[in-house]
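Asker: Take this structure first; my questions come after.
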Amino acid sequence: LFHEEKTPSCKINDDYGSFYCFGCGAKGDIFSLYTELYNYTFYDAVKELAQRAGIQLKEEDNDYNDQQNNLFKILELSTKWFQENLKISSDCQKYLSRRLLSENTISAFRLGYSYNPKTTLYDYLKSHSFQDDEIIKSNVVKIDQNKKIKDFFYKRLIFPILNLQEKVVGFGGRVLDNSNPKYINSPESSFFKKRYLLYNLQLAKKTARQKKNLLICEGYMDVISLYQKGIKSVVA
């Protein structure tokens, strides 16, 4: 695990929940396995293992957590709405076809479209019983000059941006024509801070830790195209 070895040298003790490598002397438990082998922080290792085991971690400030959970629910529901819109948008299908993206790639990156002729995202979220203040805080809508709530992204190809815990925290949006600005991102917030995020890190982290390298690109489509071609440890 920790070095090149042609013969079995790592013993795992299920009774004690520990491991020991006779080849290099590495030892520890499941948490140190994640921190040393996969380069996780201890905090991230605990969260990852809890999620895998189906254990819900209890944190303080329940009111704050409830608010955050509602925001993440809105962002997740918005992502699904965008994805469904893409399926019925001929313009999006033509653009993605020109970019030679497969259905599997489109699904893996959860690409979407921010327009539906029958309803707005705001109305869709309201139909799921979310309050105005929650929807506004999620940054999927904005208040215009007439004090009306409108969708933040309009007729744009949508790139969901996920954190390391694979939760949607924001979006990037690209126009399909030659209008400007070509790209816009969700506004900065307590849960979406661009300087602390790398696009696709949630998918790239496993390969990056194994290969101990990470390719940083300029844009979303660069990442997606390379990922489709088999270069998995790529981010933007």
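Residues are referred to by chain and number: the chain letter is A, B, ... according to the order shown in the structure tokens, the number counts from 1 in that chain, and ligands are numbered separately from 1 in the order shown.
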At a cut-off of 10 Å, using only C-alpha atoms, what residues contact region 201-205 of chain A? Leave out same-chain residues fewer than 6 positions from it and give the result as number ranges by chain.
Answerer: A: 38-40, 108-109, 161-167, 211-215, 227, 231-236
Asker: Generate a file of the selected residues that holds C-alpha atoms, formatted as an mmCIF file, in the first residue's frame.
Answerer:
data_model
loop_
_atom_site.group_PDB
_atom_site.id
_atom_site.type_symbol
_atom_site.label_atom_id
_atom_site.label_comp_id
_atom_site.auth_asym_id
_atom_site.auth_seq_id
_atom_site.Cartn_x
_atom_site.Cartn_y
_atom_site.Cartn_z
ATOM 1 C CA TYR A 38 -4.992 9.035 0.640
ATOM 2 C CA ASN A 39 -3.664 12.298 2.126
ATOM 3 C CA TYR A 40 -6.963 13.139 3.850
ATOM 4 C CA ALA A 108 -21.039 12.324 -14.625
ATOM 5 C CA PHE A 109 -20.626 16.109 -14.546
ATOM 6 C CA ILE A 161 -19.680 22.966 -8.767
ATOM 7 C CA LEU A 162 -19.301 20.467 -5.923
ATOM 8 C CA ASN A 163 -17.218 20.488 -2.749
ATOM 9 C CA LEU A 164 -15.128 17.563 -1.481
ATOM 10 C CA GLN A 165 -18.170 16.120 0.266
ATOM 11 C CA GLU A 166 -19.844 15.991 -3.177
ATOM 12 C CA LYS A 167 -22.462 18.587 -2.295
ATOM 13 C CA LYS A 211 -0.755 9.200 -8.822
ATOM 14 C CA LYS A 212 0.393 12.093 -6.616
ATOM 15 C CA ASN A 213 -0.230 14.636 -9.350
ATOM 16 C CA LEU A 214 -2.982 17.038 -10.319
ATOM 17 C CA LEU A 215 -3.428 18.787 -13.661
ATOM 18 C CA TYR A 227 -11.669 13.552 -18.127
ATOM 19 C CA ILE A 231 -7.171 11.901 -17.692
ATOM 20 C CA LYS A 232 -8.974 11.709 -14.351
ATOM 21 C CA SER A 233 -6.781 13.814 -12.040
ATOM 22 C CA VAL A 234 -7.763 17.116 -13.658
ATOM 23 C CA VAL A 235 -9.335 20.237 -12.129
ATOM 24 C CA ALA A 236 -9.961 23.884 -12.925
#
Asker: Using only C-alpha atoms, which protein or nucleic acid residues come within 6 Å of Phe171 (chain A)? Drop anything in the same chain fewer than 3 positions from it, and give the result as an mmCIF file with N, CA, C and O atoms, in the first residue's frame.
Answerer:
data_model
loop_
_atom_site.group_PDB
_atom_site.id
_atom_site.type_symbol
_atom_site.label_atom_id
_atom_site.label_comp_id
_atom_site.auth_asym_id
_atom_site.auth_seq_id
_atom_site.Cartn_x
_atom_site.Cartn_y
_atom_site.Cartn_z
ATOM 1 N N PHE A 159 -22.883 24.262 -15.255
ATOM 2 C CA PHE A 159 -21.858 23.369 -14.712
ATOM 3 C C PHE A 159 -21.969 23.385 -13.187
ATOM 4 O O PHE A 159 -21.517 24.345 -12.546
ATOM 5 N N PRO A 160 -22.573 22.373 -12.581
ATOM 6 C CA PRO A 160 -22.618 22.341 -11.119
ATOM 7 C C PRO A 160 -21.210 22.235 -10.519
ATOM 8 O O PRO A 160 -20.364 21.492 -11.033
ATOM 9 N N ILE A 161 -20.971 22.971 -9.458
ATOM 10 C CA ILE A 161 -19.680 22.966 -8.767
ATOM 11 C C ILE A 161 -19.880 22.308 -7.410
ATOM 12 O O ILE A 161 -20.716 22.756 -6.620
ATOM 13 N N ASN A 185 -20.514 32.954 -12.817
ATOM 14 C CA ASN A 185 -20.544 31.995 -11.719
ATOM 15 C C ASN A 185 -21.518 32.462 -10.645
ATOM 16 O O ASN A 185 -21.890 33.646 -10.597
ATOM 17 N N SER A 186 -21.904 31.551 -9.777
ATOM 18 C CA SER A 186 -22.712 31.924 -8.629
ATOM 19 C C SER A 186 -21.977 32.979 -7.805
ATOM 20 O O SER A 186 -20.747 32.962 -7.738
#
Asker: Which residues come within 12 Å of Lys80 (chain A), counting only C-alpha atoms, excluding same-chain residues fewer than 3 positions away, as JSON, numbers by chain?
Answerer: {"A": [73, 74, 75, 76, 77, 83, 84, 85, 86, 87, 107, 109, 110, 111, 112, 113, 114, 121, 124, 125, 158, 159, 160, 168]}
Asker: Can I get the selection written as a PDB file, in the first residue's frame, with N, CA and C atoms?
Answerer:
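Generated output (out29.pdb):
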ATOM      1  N   LYS A  73     -30.195  21.492  -0.042  1.00  0.00           N
ATOM      2  CA  LYS A  73     -31.342  20.848  -0.681  1.00  0.00           C
ATOM      3  C   LYS A  73     -31.800  21.662  -1.890  1.00  0.00           C
ATOM      4  N   ILE A  74     -31.819  22.986  -1.737  1.00  0.00           N
ATOM      5  CA  ILE A  74     -32.210  23.865  -2.845  1.00  0.00           C
ATOM      6  C   ILE A  74     -31.232  23.736  -4.003  1.00  0.00           C
ATOM      7  N   LEU A  75     -29.939  23.725  -3.694  1.00  0.00           N
ATOM      8  CA  LEU A  75     -28.913  23.618  -4.731  1.00  0.00           C
ATOM      9  C   LEU A  75     -28.980  22.265  -5.440  1.00  0.00           C
ATOM     10  N   GLU A  76     -29.247  21.212  -4.683  1.00  0.00           N
ATOM     11  CA  GLU A  76     -29.367  19.876  -5.275  1.00  0.00           C
ATOM     12  C   GLU A  76     -30.610  19.790  -6.161  1.00  0.00           C
ATOM     13  N   LEU A  77     -31.712  20.326  -5.685  1.00  0.00           N
ATOM     14  CA  LEU A  77     -32.949  20.307  -6.463  1.00  0.00           C
ATOM     15  C   LEU A  77     -32.808  21.161  -7.722  1.00  0.00           C
ATOM     16  N   GLN A  83     -30.700  19.680 -15.054  1.00  0.00           N
ATOM     17  CA  GLN A  83     -30.427  18.458 -15.815  1.00  0.00           C
ATOM     18  C   GLN A  83     -31.625  18.047 -16.679  1.00  0.00           C
ATOM     19  N   GLU A  84     -32.809  18.154 -16.125  1.00  0.00           N
ATOM     20  CA  GLU A  84     -34.005  17.792 -16.887  1.00  0.00           C
ATOM     21  C   GLU A  84     -34.216  18.751 -18.047  1.00  0.00           C
ATOM     22  N   ASN A  85     -33.912  20.025 -17.843  1.00  0.00           N
ATOM     23  CA  ASN A  85     -34.056  21.013 -18.921  1.00  0.00           C
ATOM     24  C   ASN A  85     -33.124  20.707 -20.084  1.00  0.00           C
ATOM     25  N   LEU A  86     -31.923  20.257 -19.767  1.00  0.00           N
ATOM     26  CA  LEU A  86     -30.945  19.972 -20.815  1.00  0.00           C
ATOM     27  C   LEU A  86     -31.453  18.880 -21.758  1.00  0.00           C
ATOM     28  N   LYS A  87     -32.190  17.928 -21.216  1.00  0.00           N
ATOM     29  CA  LYS A  87     -32.678  16.811 -22.020  1.00  0.00           C
ATOM     30  C   LYS A  87     -33.645  17.255 -23.110  1.00  0.00           C
ATOM     31  N   SER A 107     -23.662  13.047 -17.884  1.00  0.00           N
ATOM     32  CA  SER A 107     -24.274  12.596 -16.640  1.00  0.00           C
ATOM     33  C   SER A 107     -23.306  12.690 -15.468  1.00  0.00           C
ATOM     34  N   PHE A 109     -20.847  14.728 -14.966  1.00  0.00           N
ATOM     35  CA  PHE A 109     -20.626  16.109 -14.546  1.00  0.00           C
ATOM     36  C   PHE A 109     -21.934  16.857 -14.278  1.00  0.00           C
ATOM     37  N   ARG A 110     -23.046  16.153 -14.454  1.00  0.00           N
ATOM     38  CA  ARG A 110     -24.377  16.671 -14.118  1.00  0.00           C
ATOM     39  C   ARG A 110     -24.685  17.983 -14.842  1.00  0.00           C
ATOM     40  N   LEU A 111     -24.311  18.064 -16.103  1.00  0.00           N
ATOM     41  CA  LEU A 111     -24.534  19.276 -16.874  1.00  0.00           C
ATOM     42  C   LEU A 111     -26.023  19.544 -17.048  1.00  0.00           C
ATOM     43  N   GLY A 112     -26.379  20.824 -17.122  1.00  0.00           N
ATOM     44  CA  GLY A 112     -27.782  21.186 -17.238  1.00  0.00           C
ATOM     45  C   GLY A 112     -27.998  22.428 -18.073  1.00  0.00           C
ATOM     46  N   TYR A 113     -29.233  22.890 -18.074  1.00  0.00           N
ATOM     47  CA  TYR A 113     -29.596  24.078 -18.840  1.00  0.00           C
ATOM     48  C   TYR A 113     -30.578  24.909 -18.011  1.00  0.00           C
ATOM     49  N   SER A 114     -30.361  26.219 -17.979  1.00  0.00           N
ATOM     50  CA  SER A 114     -31.122  27.081 -17.065  1.00  0.00           C
ATOM     51  C   SER A 114     -32.323  27.744 -17.731  1.00  0.00           C
ATOM     52  N   LEU A 121     -37.073  28.515 -12.449  1.00  0.00           N
ATOM     53  CA  LEU A 121     -36.490  27.785 -11.326  1.00  0.00           C
ATOM     54  C   LEU A 121     -37.101  28.269 -10.011  1.00  0.00           C
ATOM     55  N   TYR A 124     -40.420  26.768  -9.543  1.00  0.00           N
ATOM     56  CA  TYR A 124     -40.230  25.337  -9.284  1.00  0.00           C
ATOM     57  C   TYR A 124     -39.854  25.094  -7.825  1.00  0.00           C
ATOM     58  N   LEU A 125     -38.949  25.914  -7.297  1.00  0.00           N
ATOM     59  CA  LEU A 125     -38.536  25.764  -5.898  1.00  0.00           C
ATOM     60  C   LEU A 125     -39.665  26.137  -4.943  1.00  0.00           C
ATOM     61  N   ILE A 158     -25.260  24.836 -17.792  1.00  0.00           N
ATOM     62  CA  ILE A 158     -24.920  24.899 -16.375  1.00  0.00           C
ATOM     63  C   ILE A 158     -23.913  23.820 -15.993  1.00  0.00           C
ATOM     64  N   PHE A 159     -22.883  24.262 -15.255  1.00  0.00           N
ATOM     65  CA  PHE A 159     -21.858  23.369 -14.712  1.00  0.00           C
ATOM     66  C   PHE A 159     -21.969  23.385 -13.187  1.00  0.00           C
ATOM     67  N   PRO A 160     -22.573  22.373 -12.581  1.00  0.00           N
ATOM     68  CA  PRO A 160     -22.618  22.341 -11.119  1.00  0.00           C
ATOM     69  C   PRO A 160     -21.210  22.235 -10.519  1.00  0.00           C
ATOM     70  N   VAL A 168     -23.432  20.046  -3.985  1.00  0.00           N
ATOM     71  CA  VAL A 168     -23.439  21.183  -4.903  1.00  0.00           C
ATOM     72  C   VAL A 168     -23.399  22.469  -4.076  1.00  0.00           C
TER      73      VAL A 168
END
Asker: From the options A:Lys6, A:Lys58, A:Arg174, A:Arg156, which residue's atoms come nearest to Met221 (chain A), counting only C-alpha atoms?
Answerer: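 Closest residue, counting only C-alpha atoms: A:Arg174.
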Asker: To one decimal place, how far is CA of Phe31 (chain A) from CA of Ala45 (chain A) in Å?
Answerer: 6.1 Å
Asker: In Å, rounded to a single decimal, give me how far CA of Arg52 (chain A) is from CA of Ala208 (chain A).
Answerer: 20.2 Å
Asker: Rank A:Asp151, A:Glu48, A:Glu134, A:Glu103 by their smallest atom-to-atom distance to Gln228 (chain A), using only C-alpha atoms, and report the top residue only.
Answerer: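 Going through A:Asp151, A:Glu48, A:Glu134, A:Glu103 one by one, the smallest distance to Gln228 (chain A) is for A:Glu103.
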Asker: List every residue of region 60-139 of chain A that has an atom at most 9 Å from any atom of region 188-199 of chain A, giving for each one its closest atom pair and the distance in Å to one decimal, counting only C-alpha atoms, sorted by chain and then by ascending residue number, as a tab-separated table.
Answerer:
residue	atom	partner	partner_atom	distance
A:Gln68	CA	A:Phe191	CA	8.5
A:Lys137	CA	A:Ser189	CA	8.4
A:Ser138	CA	A:Ser189	CA	8.6
A:Asn139	CA	A:Ser189	CA	8.2
Asker: Could you pull the residues within 9 Å of Cys10 (chain A), counting only C-alpha atoms, minus those fewer than 3 positions along the same chain, as a PyMOL selection string?
Answerer: chain A and resi 1+19-23+26
Asker: Closest to Ser90 (chain A) among A:Tyr115, A:Lys150, A:Ser225, A:Pro187, using only C-alpha atoms?
Answerer: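 Checking each of A:Tyr115, A:Lys150, A:Ser225, A:Pro187 against Ser90 (chain A), counting only C-alpha atoms, the winner is A:Tyr115.
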